[in-house]
Amino acid sequence: MIKNHNTRKLAVTPSHKKAMMRNMTTSLFLHEKVTTTVPRAKEVVRFAEKLITKAKAADLNAKKAIHSEIANKDVVKKVFDVLVPRYKERNGGYTQILKLGVRKGDAAQQAIVKLVI
């Protein structure tokens, strides 16, 4: 049975992809922007928006869910102290993708993912 038609493979193993999404989301929450390729940017947006939506509940279950995905305690604290109050009234659309053009080395499409203020 073939599954996972709705996600991008990104030419990595599933465990590598999971670690990459966690690391990129941690960087996104810490620095509020990250530069990457367009397909990876689209996947990071999906992952990060789901985490912010979970965190908006701001209860113990939400904190455990965010801690299970993000290992850095400072970033988790920032999510609950800064990002959740910022997006309290917003129903989705917490991030945006800005396309930069091609990378010189391999002509891959570059993009910036940033949190909406």
# chains A, B, ... in the order shown; residues from 1 in each chain; ligands from 1
$ closest_atom_pairs --of "region 33-89 of chain A" --to "region 17-20 of chain A" --cutoff "10 Å" --atoms "only C-alpha atoms" --output "CSV"
residue,atom,partner,partner_atom,distance
A:Arg40,CA,A:Met20,CA,9.3
A:Glu43,CA,A:Lys17,CA,9.7
A:Val44,CA,A:Met20,CA,9.0
A:Phe47,CA,A:Lys18,CA,9.7
A:Glu69,CA,A:Ala19,CA,9.3
$ residues_around --residues "region 30-35 of chain A" --least-positions-apart "4" --cutoff "12 Å" --atoms "only C-alpha atoms" --output "PyMOL selection string"
chain A and resi 21+23-26+39-42+44-45+48+70+72-79+82-83+94-101+103+109-117
$ residues_around --residues "Lys56 (chain A)" --least-positions-apart "3" --cutoff "8 Å" --atoms "only C-alpha atoms" --output "list in words"
Ile52, Thr53, Ala62, Val84, Tyr87 and Lys88 of chain A
$ atom_distance --atom1 "CA of Leu10 (chain A)" --atom2 "CA of Ala55 (chain A)"
26.6 Å
$ select_by_dssp --residues "region 7-113 of chain A" --states "strand (DSSP E or B)" --output "JSON, numbers by chain"
{"A": [33, 34, 35, 36, 37, 95, 96, 97, 98, 99, 100, 101, 102, 109, 110, 111, 112, 113]}
$ select_by_dssp --residues "chain A" --states "alpha helix (DSSP H)" --output "count of residues only"
55
$ atom_distance --atom1 "CA of Gly92 (chain A)" --atom2 "CA of Lys50 (chain A)"
8.9 Å
$ closest_residue --among "A:Lys3, A:Leu51, A:Arg8, A:Asn61" --to "Val38 (chain A)" --atoms "only C-alpha atoms"
A:Arg8
